[in-house]
>>> print(open('protein_36.txt').read())   # compact mmCIF, N, CA and C atoms
# COMPACT_ATOMS: atom_id res chain seq x y z
N MET S 226 2.05 -17.23 15.60
CA MET S 226 2.13 -15.82 15.29
C MET S 226 0.76 -15.20 15.57
N THR S 227 0.77 -14.07 16.24
CA THR S 227 -0.50 -13.43 16.61
C THR S 227 -1.14 -12.73 15.42
N GLN S 228 -2.42 -12.46 15.56
CA GLN S 228 -3.18 -11.77 14.52
C GLN S 228 -2.60 -10.39 14.24
N ASN S 229 -2.25 -9.65 15.31
CA ASN S 229 -1.70 -8.31 15.16
C ASN S 229 -0.36 -8.33 14.42
N THR S 230 0.45 -9.34 14.68
CA THR S 230 1.74 -9.48 13.99
C THR S 230 1.53 -9.73 12.50
N LYS S 231 0.58 -10.59 12.18
CA LYS S 231 0.29 -10.87 10.77
C LYS S 231 -0.17 -9.62 10.04
N LEU S 232 -1.06 -8.86 10.69
CA LEU S 232 -1.56 -7.63 10.07
C LEU S 232 -0.46 -6.59 9.91
N THR S 233 0.40 -6.47 10.90
CA THR S 233 1.51 -5.52 10.82
C THR S 233 2.49 -5.91 9.71
N LEU S 234 2.80 -7.19 9.61
CA LEU S 234 3.69 -7.64 8.53
C LEU S 234 3.06 -7.42 7.16
N THR S 235 1.75 -7.61 7.07
CA THR S 235 1.06 -7.36 5.81
C THR S 235 1.13 -5.88 5.44
N ALA S 236 0.93 -5.00 6.43
CA ALA S 236 1.00 -3.56 6.18
C ALA S 236 2.41 -3.14 5.78
N ALA S 237 3.42 -3.73 6.39
CA ALA S 237 4.81 -3.36 6.12
C ALA S 237 5.35 -4.02 4.86
N SER S 238 4.69 -5.06 4.37
CA SER S 238 5.25 -5.83 3.26
C SER S 238 5.37 -5.01 1.97
N GLY S 239 4.44 -4.11 1.72
CA GLY S 239 4.53 -3.29 0.51
C GLY S 239 5.76 -2.41 0.50
N LEU S 240 6.03 -1.79 1.63
CA LEU S 240 7.21 -0.93 1.76
C LEU S 240 8.49 -1.76 1.72
N LEU S 241 8.49 -2.89 2.42
CA LEU S 241 9.69 -3.73 2.48
C LEU S 241 10.02 -4.36 1.14
N ILE S 242 9.01 -4.81 0.42
CA ILE S 242 9.26 -5.46 -0.87
C ILE S 242 9.75 -4.45 -1.90
N SER S 243 9.39 -3.17 -1.72
CA SER S 243 9.88 -2.13 -2.62
C SER S 243 11.38 -1.91 -2.47
N LEU S 244 11.91 -2.23 -1.30
CA LEU S 244 13.35 -2.07 -1.07
C LEU S 244 14.17 -3.04 -1.92
N VAL S 245 13.57 -4.15 -2.34
CA VAL S 245 14.27 -5.11 -3.19
C VAL S 245 13.82 -4.99 -4.64
N SER S 246 13.26 -3.85 -4.99
CA SER S 246 12.90 -3.49 -6.37
C SER S 246 11.84 -4.38 -7.00
N LEU S 247 10.92 -4.87 -6.20
CA LEU S 247 9.76 -5.57 -6.72
C LEU S 247 8.55 -4.65 -6.57
N PRO S 248 7.52 -4.85 -7.37
CA PRO S 248 6.32 -4.03 -7.20
C PRO S 248 5.75 -4.18 -5.79
N ALA S 249 5.31 -3.09 -5.21
CA ALA S 249 4.86 -3.07 -3.81
C ALA S 249 3.65 -3.96 -3.57
N MET S 250 2.86 -4.24 -4.60
CA MET S 250 1.68 -5.07 -4.39
C MET S 250 2.02 -6.55 -4.22
N VAL S 251 3.27 -6.93 -4.50
CA VAL S 251 3.70 -8.32 -4.34
C VAL S 251 3.76 -8.71 -2.86
N GLY S 252 4.18 -7.80 -2.00
CA GLY S 252 4.30 -8.09 -0.57
C GLY S 252 2.98 -8.49 0.07
N PRO S 253 1.92 -7.66 -0.05
CA PRO S 253 0.64 -8.06 0.52
C PRO S 253 0.07 -9.32 -0.14
N LEU S 254 0.36 -9.52 -1.42
CA LEU S 254 -0.10 -10.73 -2.10
C LEU S 254 0.54 -11.97 -1.50
N ILE S 255 1.82 -11.90 -1.20
CA ILE S 255 2.51 -13.02 -0.56
C ILE S 255 1.92 -13.29 0.82
N CYS S 256 1.66 -12.22 1.59
CA CYS S 256 1.06 -12.39 2.92
C CYS S 256 -0.34 -13.01 2.82
N MET S 257 -1.11 -12.56 1.83
CA MET S 257 -2.45 -13.10 1.67
C MET S 257 -2.40 -14.59 1.34
N LEU S 258 -1.47 -15.00 0.48
CA LEU S 258 -1.35 -16.40 0.13
C LEU S 258 -0.78 -17.23 1.28
N ALA S 259 0.12 -16.64 2.05
CA ALA S 259 0.73 -17.37 3.17
C ALA S 259 -0.27 -17.63 4.28
N TRP S 260 -1.16 -16.67 4.54
CA TRP S 260 -2.13 -16.80 5.62
C TRP S 260 -3.55 -16.85 5.07
N LYS S 261 -3.75 -17.65 4.03
CA LYS S 261 -5.04 -17.70 3.35
C LYS S 261 -6.17 -18.26 4.22
N ASP S 262 -5.84 -18.96 5.29
CA ASP S 262 -6.87 -19.50 6.17
C ASP S 262 -7.40 -18.47 7.17
N ASP S 263 -6.77 -17.30 7.24
CA ASP S 263 -7.18 -16.24 8.16
C ASP S 263 -7.95 -15.17 7.39
N ALA S 264 -9.28 -15.12 7.60
CA ALA S 264 -10.15 -14.22 6.83
C ALA S 264 -9.81 -12.75 7.05
N GLU S 265 -9.48 -12.36 8.29
CA GLU S 265 -9.17 -10.95 8.56
C GLU S 265 -7.90 -10.51 7.86
N VAL S 266 -6.89 -11.37 7.84
CA VAL S 266 -5.65 -11.05 7.15
C VAL S 266 -5.89 -10.97 5.64
N GLU S 267 -6.75 -11.84 5.13
CA GLU S 267 -7.04 -11.82 3.69
C GLU S 267 -7.70 -10.51 3.27
N VAL S 268 -8.67 -10.06 4.04
CA VAL S 268 -9.35 -8.79 3.74
C VAL S 268 -8.36 -7.62 3.86
N PHE S 269 -7.54 -7.65 4.91
CA PHE S 269 -6.56 -6.58 5.10
C PHE S 269 -5.51 -6.59 3.99
N ALA S 270 -5.09 -7.77 3.56
CA ALA S 270 -4.11 -7.88 2.47
C ALA S 270 -4.70 -7.35 1.16
N LYS S 271 -5.97 -7.63 0.91
CA LYS S 271 -6.62 -7.09 -0.29
C LYS S 271 -6.67 -5.57 -0.23
N ARG S 272 -6.91 -5.03 0.96
CA ARG S 272 -6.90 -3.57 1.15
C ARG S 272 -5.51 -3.01 0.83
N CYS S 273 -4.47 -3.71 1.31
CA CYS S 273 -3.10 -3.26 1.06
C CYS S 273 -2.73 -3.36 -0.42
N ILE S 274 -3.18 -4.42 -1.09
CA ILE S 274 -2.95 -4.56 -2.53
C ILE S 274 -3.63 -3.42 -3.27
N ASN S 275 -4.85 -3.11 -2.87
CA ASN S 275 -5.60 -2.00 -3.44
C ASN S 275 -4.84 -0.69 -3.30
N ILE S 276 -4.29 -0.45 -2.13
CA ILE S 276 -3.52 0.77 -1.87
C ILE S 276 -2.28 0.82 -2.77
N GLN S 277 -1.55 -0.28 -2.84
CA GLN S 277 -0.32 -0.29 -3.62
C GLN S 277 -0.57 -0.13 -5.11
N ILE S 278 -1.66 -0.73 -5.63
CA ILE S 278 -2.00 -0.55 -7.04
C ILE S 278 -2.35 0.91 -7.31
N SER S 279 -3.15 1.50 -6.43
CA SER S 279 -3.54 2.91 -6.61
C SER S 279 -2.33 3.82 -6.62
N TRP S 280 -1.44 3.63 -5.64
CA TRP S 280 -0.27 4.49 -5.56
C TRP S 280 0.71 4.24 -6.70
N PHE S 281 0.76 3.01 -7.20
CA PHE S 281 1.59 2.73 -8.37
C PHE S 281 1.09 3.54 -9.57
N ILE S 282 -0.22 3.59 -9.75
CA ILE S 282 -0.80 4.35 -10.86
C ILE S 282 -0.49 5.83 -10.71
N TRP S 283 -0.66 6.38 -9.49
CA TRP S 283 -0.38 7.80 -9.27
C TRP S 283 1.10 8.12 -9.54
N LEU S 284 1.99 7.25 -9.06
CA LEU S 284 3.42 7.48 -9.27
C LEU S 284 3.80 7.33 -10.74
N LEU S 285 3.15 6.40 -11.44
CA LEU S 285 3.41 6.24 -12.87
C LEU S 285 2.96 7.48 -13.64
N LEU S 286 1.79 8.00 -13.30
CA LEU S 286 1.32 9.23 -13.95
C LEU S 286 2.25 10.40 -13.66
N ALA S 287 2.74 10.49 -12.44
CA ALA S 287 3.68 11.57 -12.10
C ALA S 287 4.99 11.39 -12.87
N ALA S 288 5.44 10.15 -13.01
CA ALA S 288 6.68 9.90 -13.76
C ALA S 288 6.50 10.26 -15.23
N LEU S 289 5.34 9.94 -15.78
CA LEU S 289 5.07 10.30 -17.18
C LEU S 289 4.95 11.81 -17.36
N SER S 290 4.47 12.49 -16.36
CA SER S 290 4.35 13.95 -16.46
C SER S 290 5.70 14.65 -16.29
N TRP S 291 6.73 13.88 -16.02
CA TRP S 291 8.08 14.42 -15.91
C TRP S 291 8.48 15.11 -17.21
N PHE S 292 8.00 14.57 -18.33
CA PHE S 292 8.36 15.10 -19.64
C PHE S 292 7.77 16.48 -19.89
N ILE S 293 6.71 16.84 -19.18
CA ILE S 293 6.17 18.19 -19.33
C ILE S 293 6.49 19.04 -18.10
N LEU S 294 7.49 18.59 -17.37
CA LEU S 294 8.10 19.29 -16.24
C LEU S 294 7.21 19.42 -15.00
N ILE S 295 5.98 18.94 -15.04
CA ILE S 295 5.15 18.95 -13.85
C ILE S 295 5.62 17.87 -12.89
N GLY S 296 6.04 16.74 -13.45
CA GLY S 296 6.48 15.61 -12.66
C GLY S 296 7.73 15.87 -11.85
N VAL S 297 8.50 16.87 -12.23
CA VAL S 297 9.71 17.22 -11.48
C VAL S 297 9.36 17.57 -10.04
N VAL S 298 8.20 18.17 -9.85
CA VAL S 298 7.74 18.54 -8.52
C VAL S 298 6.84 17.46 -7.94
N ILE S 299 5.93 16.93 -8.75
CA ILE S 299 4.92 16.01 -8.25
C ILE S 299 5.50 14.66 -7.84
N LEU S 300 6.40 14.10 -8.63
CA LEU S 300 6.92 12.76 -8.34
C LEU S 300 7.63 12.68 -6.98
N PRO S 301 8.55 13.58 -6.66
CA PRO S 301 9.17 13.50 -5.33
C PRO S 301 8.16 13.70 -4.19
N LEU S 302 7.18 14.58 -4.38
CA LEU S 302 6.17 14.80 -3.35
C LEU S 302 5.30 13.55 -3.15
N LEU S 303 4.93 12.89 -4.24
CA LEU S 303 4.15 11.67 -4.13
C LEU S 303 4.95 10.54 -3.48
N LEU S 304 6.22 10.44 -3.80
CA LEU S 304 7.06 9.41 -3.18
C LEU S 304 7.17 9.63 -1.67
N ILE S 305 7.36 10.87 -1.28
CA ILE S 305 7.43 11.19 0.16
C ILE S 305 6.09 10.92 0.83
N ALA S 306 4.99 11.30 0.18
CA ALA S 306 3.66 11.06 0.73
C ALA S 306 3.39 9.57 0.89
N TRP S 307 3.78 8.76 -0.11
CA TRP S 307 3.59 7.31 -0.03
C TRP S 307 4.40 6.73 1.13
N LEU S 308 5.63 7.19 1.28
CA LEU S 308 6.48 6.70 2.36
C LEU S 308 5.90 7.07 3.73
N VAL S 309 5.49 8.31 3.90
CA VAL S 309 4.93 8.77 5.19
C VAL S 309 3.63 8.03 5.50
N CYS S 310 2.75 7.91 4.50
CA CYS S 310 1.49 7.21 4.73
C CYS S 310 1.72 5.73 5.04
N SER S 311 2.72 5.13 4.41
CA SER S 311 3.04 3.73 4.70
C SER S 311 3.51 3.56 6.14
N ILE S 312 4.34 4.47 6.61
CA ILE S 312 4.83 4.41 7.98
C ILE S 312 3.69 4.63 8.97
N ILE S 313 2.79 5.56 8.66
CA ILE S 313 1.64 5.79 9.54
C ILE S 313 0.76 4.55 9.58
N ASP S 314 0.54 3.93 8.44
CA ASP S 314 -0.28 2.71 8.38
C ASP S 314 0.35 1.58 9.18
N ILE S 315 1.65 1.41 9.07
CA ILE S 315 2.35 0.37 9.82
C ILE S 315 2.24 0.63 11.33
N ALA S 316 2.44 1.89 11.73
CA ALA S 316 2.37 2.23 13.16
C ALA S 316 0.96 2.01 13.71
N LYS S 317 -0.06 2.44 12.97
CA LYS S 317 -1.43 2.26 13.45
C LYS S 317 -1.81 0.79 13.48
N THR S 318 -1.39 0.03 12.49
CA THR S 318 -1.71 -1.39 12.45
C THR S 318 -1.03 -2.13 13.59
N SER S 319 0.21 -1.76 13.90
CA SER S 319 0.91 -2.44 15.00
C SER S 319 0.27 -2.15 16.36
N SER S 320 -0.45 -1.03 16.45
CA SER S 320 -1.15 -0.72 17.70
C SER S 320 -2.56 -1.29 17.72
N GLY S 321 -2.95 -1.98 16.65
CA GLY S 321 -4.25 -2.63 16.61
C GLY S 321 -5.33 -1.90 15.85
N ASP S 322 -5.03 -0.73 15.31
CA ASP S 322 -6.01 0.07 14.58
C ASP S 322 -5.83 -0.17 13.08
N THR S 323 -6.75 -0.90 12.46
CA THR S 323 -6.63 -1.20 11.03
C THR S 323 -7.55 -0.31 10.19
N SER S 324 -8.03 0.76 10.75
CA SER S 324 -8.99 1.61 10.04
C SER S 324 -8.35 2.81 9.33
N TYR S 325 -7.02 2.89 9.31
CA TYR S 325 -6.37 4.02 8.64
C TYR S 325 -6.71 3.98 7.15
N SER S 326 -7.11 5.11 6.62
CA SER S 326 -7.49 5.21 5.21
C SER S 326 -6.42 5.99 4.45
N PHE S 327 -5.74 5.30 3.56
CA PHE S 327 -4.72 5.95 2.72
C PHE S 327 -5.39 6.98 1.82
N PRO S 328 -4.78 8.15 1.65
CA PRO S 328 -5.34 9.11 0.69
C PRO S 328 -5.08 8.65 -0.75
N LEU S 329 -5.88 9.12 -1.67
CA LEU S 329 -5.74 8.84 -3.11
C LEU S 329 -5.88 7.37 -3.47
N THR S 330 -6.59 6.60 -2.65
CA THR S 330 -6.75 5.18 -2.94
C THR S 330 -8.01 4.95 -3.75
N ILE S 331 -7.86 4.23 -4.85
CA ILE S 331 -8.97 3.86 -5.71
C ILE S 331 -9.40 2.45 -5.30
N ASP S 332 -10.69 2.22 -5.18
CA ASP S 332 -11.19 0.93 -4.70
C ASP S 332 -11.36 -0.04 -5.88
N PHE S 333 -10.26 -0.66 -6.29
CA PHE S 333 -10.29 -1.61 -7.40
C PHE S 333 -10.92 -2.94 -6.99
N LEU S 334 -10.59 -3.42 -5.81
CA LEU S 334 -11.00 -4.76 -5.38
C LEU S 334 -12.29 -4.77 -4.58
N GLY S 335 -12.89 -3.64 -4.34
CA GLY S 335 -14.16 -3.57 -3.62
C GLY S 335 -14.06 -3.95 -2.15
N VAL S 336 -12.96 -3.61 -1.50
CA VAL S 336 -12.79 -4.00 -0.10
C VAL S 336 -12.78 -2.81 0.85
N GLU S 337 -12.80 -1.60 0.35
CA GLU S 337 -12.77 -0.43 1.23
C GLU S 337 -14.06 -0.34 2.03
N LYS S 338 -13.93 0.09 3.26
CA LYS S 338 -15.09 0.21 4.15
C LYS S 338 -15.99 1.35 3.66
N LYS S 339 -17.25 1.09 3.69
CA LYS S 339 -18.22 2.09 3.24
C LYS S 339 -18.58 3.02 4.37
>>> encode(input="protein_36.txt", output="structure tokens")
Amino acid sequence: MTQNTKLTLTAASGLLISLVSLPAMVGPLICMLAWKDDAEVEVFAKRCINIQISWFIWLLLAALSWFILIGVVILPLLLIAWLVCSIIDIAKTSSGDTSYSFPLTIDFLGVEKK
């Protein structure tokens, strides 16, 4: 399997794993463990885990704000934004560009490029 294929699967794993109702950060974690001998995939998987944790927090806050009626507007917009950004990330990664920066990402794992 080529390096580009591994990176593309890692980028797509968060979105794909969400389709089976698991937390999106599980997909990149599985990829990181499966290809642990590849340093570039490991760094990229940590970046993807970081993105999925950040977006999980934002979506959780939007869901909690549903009770004060702000979430009625914010939650669907955030879900659409997450989906669009995920598709953009997958497309850029499949073309070899791994520098796409997700908006609203908090650097929990210290892997974001400075």
>>> atom_distance(input="protein_36.txt", atom1="atom C of Ile312 (chain S)", atom2="atom N of Glu265 (chain S)")
21.5 Å
>>> atom_distance(input="protein_36.txt", atom1="atom C of Phe292 (chain S)", atom2="atom N of Val251 (chain S)")
28.4 Å
>>> closest_residue(input="protein_36.txt", among="S:Ile299, S:Leu334, S:Ala264, S:Ala270", to="Ala287 (chain S)", atoms="only N, CA and C atoms")
S:Ile299
>>> residues_around(input="protein_36.txt", residues="Ile331 (chain S)", least_positions_apart="5", cutoff="7 Å", atoms="only N, CA and C atoms", output="PDB file with N, CA and C atoms, in the coordinates of the input")
ATOM      1  N   ASN S 275      -4.850  -3.110  -2.870  1.00  0.00           N
ATOM      2  CA  ASN S 275      -5.600  -2.000  -3.440  1.00  0.00           C
ATOM      3  C   ASN S 275      -4.840  -0.690  -3.300  1.00  0.00           C
ATOM      4  N   ILE S 276      -4.290  -0.450  -2.130  1.00  0.00           N
ATOM      5  CA  ILE S 276      -3.520   0.770  -1.870  1.00  0.00           C
ATOM      6  C   ILE S 276      -2.280   0.820  -2.770  1.00  0.00           C
ATOM      7  N   ILE S 278      -1.660  -0.730  -5.630  1.00  0.00           N
ATOM      8  CA  ILE S 278      -2.000  -0.550  -7.040  1.00  0.00           C
ATOM      9  C   ILE S 278      -2.350   0.910  -7.310  1.00  0.00           C
ATOM     10  N   SER S 279      -3.150   1.500  -6.430  1.00  0.00           N
ATOM     11  CA  SER S 279      -3.540   2.910  -6.610  1.00  0.00           C
ATOM     12  C   SER S 279      -2.330   3.820  -6.620  1.00  0.00           C
ATOM     13  N   TRP S 280      -1.440   3.630  -5.640  1.00  0.00           N
ATOM     14  CA  TRP S 280      -0.270   4.490  -5.560  1.00  0.00           C
ATOM     15  C   TRP S 280       0.710   4.240  -6.700  1.00  0.00           C
TER      16      TRP S 280
END
>>> residues_around(input="protein_36.txt", residues="Ile313 (chain S)", least_positions_apart="2", cutoff="12 Å", atoms="only C-alpha atoms", output="ChimeraX atom specification")
/S:233,236-237,240,306-311,315-320,322-328
>>> atom_distance(input="protein_36.txt", atom1="CA of Gln228 (chain S)", atom2="CA of Ile305 (chain S)")
29.1 Å
>>> axis_aligned_box(input="protein_36.txt", around="region 300-305 of chain S", padding_each_side="6 Å", output="AutoDock Vina command-line options")
--center_x 6.7 --center_y 12.1 --center_z -3.9 --size_x 17.0 --size_y 17.4 --size_z 21.5
>>> closest_residue(input="protein_36.txt", among="S:Gln277, S:Asn229, S:Asp262, S:Leu289", to="Pro248 (chain S)", atoms="only C-alpha atoms")
S:Gln277
